[in-house]
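Below is one structure, written out as structure tokens; comments come after it.
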Amino acid sequence: MTVGTELLTVPQVMQRLQLGRTAVYDLLRTRQLPSLTLGRARRIPAHALTDFIHTRLDQEAA
């Protein structure tokens with residue numbers, strides 16, 4: 001992770017993907033969406049969310 005990488009909260013990811021809490025935590029649990037834990041807080045690097053979206057788009061196009 002580079003300095004200045006934006007970290008998103010689960011609610012922010014929920015809003016950006018228009019998914020519920022359970023769906024986002026399922027993506028995190030199955031490691032489809034990488035995250036890190038800081039104390040008890042779960043954070044998702046913004047670039048990981050972008051990579052996830054691009055990967056899914058590529059899969060849909062195939």
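We label chains A, B, ... in the order they appear in the structure tokens, count residues from 1 in each chain, and number ligands from 1 in the order shown.
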Fewer than 3 positions away in the same chain doesn't count, so skip those; otherwise give me all residues within 8 Å of Pro11 (chain A), counting only C-alpha atoms, as a PyMOL selection string. chain A and resi 14-15+21
Please produce a file of those selected residues containing N, CA, C and O atoms, as a CSV table (one decimal), in the first residue's frame.
chain,number,residue,atom,x,y,z
A,14,MET,N,-20.6,-0.3,0.8
A,14,MET,CA,-22.0,-0.6,0.6
A,14,MET,C,-22.6,0.4,-0.3
A,14,MET,O,-23.4,0.0,-1.3
A,15,GLN,N,-22.4,1.6,-0.1
A,15,GLN,CA,-23.0,2.7,-0.9
A,15,GLN,C,-22.5,2.7,-2.3
A,15,GLN,O,-23.2,2.8,-3.2
A,21,ARG,N,-25.0,-4.8,3.8
A,21,ARG,CA,-23.9,-5.2,4.7
A,21,ARG,C,-23.5,-6.6,4.6
A,21,ARG,O,-22.3,-6.9,4.5
Please report, as a short mmCIF file (atom, residue, chain, number, x, y, z; two decimals) with C-alpha atoms, in the first residue's frame, each residue of chain A to which DSSP assigns alpha helix (DSSP H) when run on this structure's backbone.
data_model
loop_
_atom_site.label_atom_id
_atom_site.label_comp_id
_atom_site.auth_asym_id
_atom_site.auth_seq_id
_atom_site.Cartn_x
_atom_site.Cartn_y
_atom_site.Cartn_z
CA VAL A 10 -17.79 -0.99 4.98
CA PRO A 11 -20.71 1.50 4.77
CA GLN A 12 -18.84 3.46 2.09
CA VAL A 13 -18.30 0.27 0.07
CA MET A 14 -21.97 -0.65 0.58
CA GLN A 15 -22.98 2.71 -0.87
CA ARG A 16 -20.57 2.56 -3.82
CA LEU A 17 -21.59 -0.99 -4.79
CA ARG A 21 -23.93 -5.15 4.67
CA THR A 22 -24.12 -8.95 4.47
CA ALA A 23 -23.16 -8.99 0.79
CA VAL A 24 -20.12 -6.78 1.41
CA TYR A 25 -18.99 -8.88 4.37
CA ASP A 26 -19.41 -12.01 2.20
CA LEU A 27 -17.05 -10.46 -0.37
CA LEU A 28 -14.57 -9.71 2.41
CA ARG A 29 -14.92 -13.15 4.01
CA ALA A 46 -10.01 2.24 -2.61
CA HIS A 47 -7.73 0.68 -5.25
CA ALA A 48 -8.87 -2.80 -4.12
CA LEU A 49 -12.49 -1.80 -4.75
CA THR A 50 -11.56 -0.44 -8.19
CA ASP A 51 -9.65 -3.64 -9.01
CA PHE A 52 -12.61 -5.73 -7.86
CA ILE A 53 -15.00 -3.80 -10.12
CA HIS A 54 -12.67 -4.08 -13.14
CA THR A 55 -12.23 -7.82 -12.55
CA ARG A 56 -15.98 -8.34 -12.38
CA LEU A 57 -16.51 -6.29 -15.55
CA ASP A 58 -13.87 -8.36 -17.35
CA GLN A 59 -15.56 -11.58 -16.18
CA GLU A 60 -18.94 -10.34 -17.42
CA ALA A 61 -17.47 -9.41 -20.81
#
Rounded to one decimal place, report the CA of Arg42 (chain A)-CA of Leu8 (chain A) distance in Å.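 Between these atoms lies a distance of 8.6 Å.
Our summary of the geometry notes that CA of Thr5 (chain A) is positioned 10.1 Å from CA of Ile44 (chain A).
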From a backbone DSSP assignment, name each residue in chain A labelled strand (DSSP E), as a PyMOL selection string. chain A and resi 7-8+36-38+41-45
Those residues you just picked out, can you put them in a file as a PDB file, in the first residue's frame with N, CA and C atoms?
ATOM      1  N   LEU A   7      -8.611   4.722   2.328  1.00  0.00           N
ATOM      2  CA  LEU A   7      -9.217   3.545   2.942  1.00  0.00           C
ATOM      3  C   LEU A   7     -10.704   3.810   3.138  1.00  0.00           C
ATOM      4  N   LEU A   8     -11.510   2.846   2.714  1.00  0.00           N
ATOM      5  CA  LEU A   8     -12.959   2.981   2.788  1.00  0.00           C
ATOM      6  C   LEU A   8     -13.519   2.130   3.916  1.00  0.00           C
ATOM      7  N   LEU A  36      -8.135  -4.722   5.263  1.00  0.00           N
ATOM      8  CA  LEU A  36      -7.237  -4.826   6.393  1.00  0.00           C
ATOM      9  C   LEU A  36      -7.997  -4.439   7.642  1.00  0.00           C
ATOM     10  N   THR A  37      -7.507  -4.930   8.755  1.00  0.00           N
ATOM     11  CA  THR A  37      -8.153  -4.654  10.028  1.00  0.00           C
ATOM     12  C   THR A  37      -7.243  -3.764  10.855  1.00  0.00           C
ATOM     13  N   LEU A  38      -7.803  -2.678  11.329  1.00  0.00           N
ATOM     14  CA  LEU A  38      -7.097  -1.743  12.203  1.00  0.00           C
ATOM     15  C   LEU A  38      -7.844  -1.734  13.528  1.00  0.00           C
ATOM     16  N   ALA A  41     -11.675  -2.191  13.477  1.00  0.00           N
ATOM     17  CA  ALA A  41     -12.240  -1.575  12.273  1.00  0.00           C
ATOM     18  C   ALA A  41     -11.737  -2.276  11.011  1.00  0.00           C
ATOM     19  N   ARG A  42     -12.645  -2.537  10.093  1.00  0.00           N
ATOM     20  CA  ARG A  42     -12.303  -3.140   8.800  1.00  0.00           C
ATOM     21  C   ARG A  42     -12.239  -2.022   7.783  1.00  0.00           C
ATOM     22  N   ARG A  43     -11.152  -1.966   7.014  1.00  0.00           N
ATOM     23  CA  ARG A  43     -10.986  -0.945   5.981  1.00  0.00           C
ATOM     24  C   ARG A  43     -10.618  -1.602   4.667  1.00  0.00           C
ATOM     25  N   ILE A  44     -11.161  -1.035   3.591  1.00  0.00           N
ATOM     26  CA  ILE A  44     -10.938  -1.554   2.244  1.00  0.00           C
ATOM     27  C   ILE A  44     -10.190  -0.469   1.462  1.00  0.00           C
ATOM     28  N   PRO A  45      -8.992  -0.787   0.949  1.00  0.00           N
ATOM     29  CA  PRO A  45      -8.294   0.203   0.121  1.00  0.00           C
ATOM     30  C   PRO A  45      -9.123   0.537  -1.123  1.00  0.00           C
TER      31      PRO A  45
END
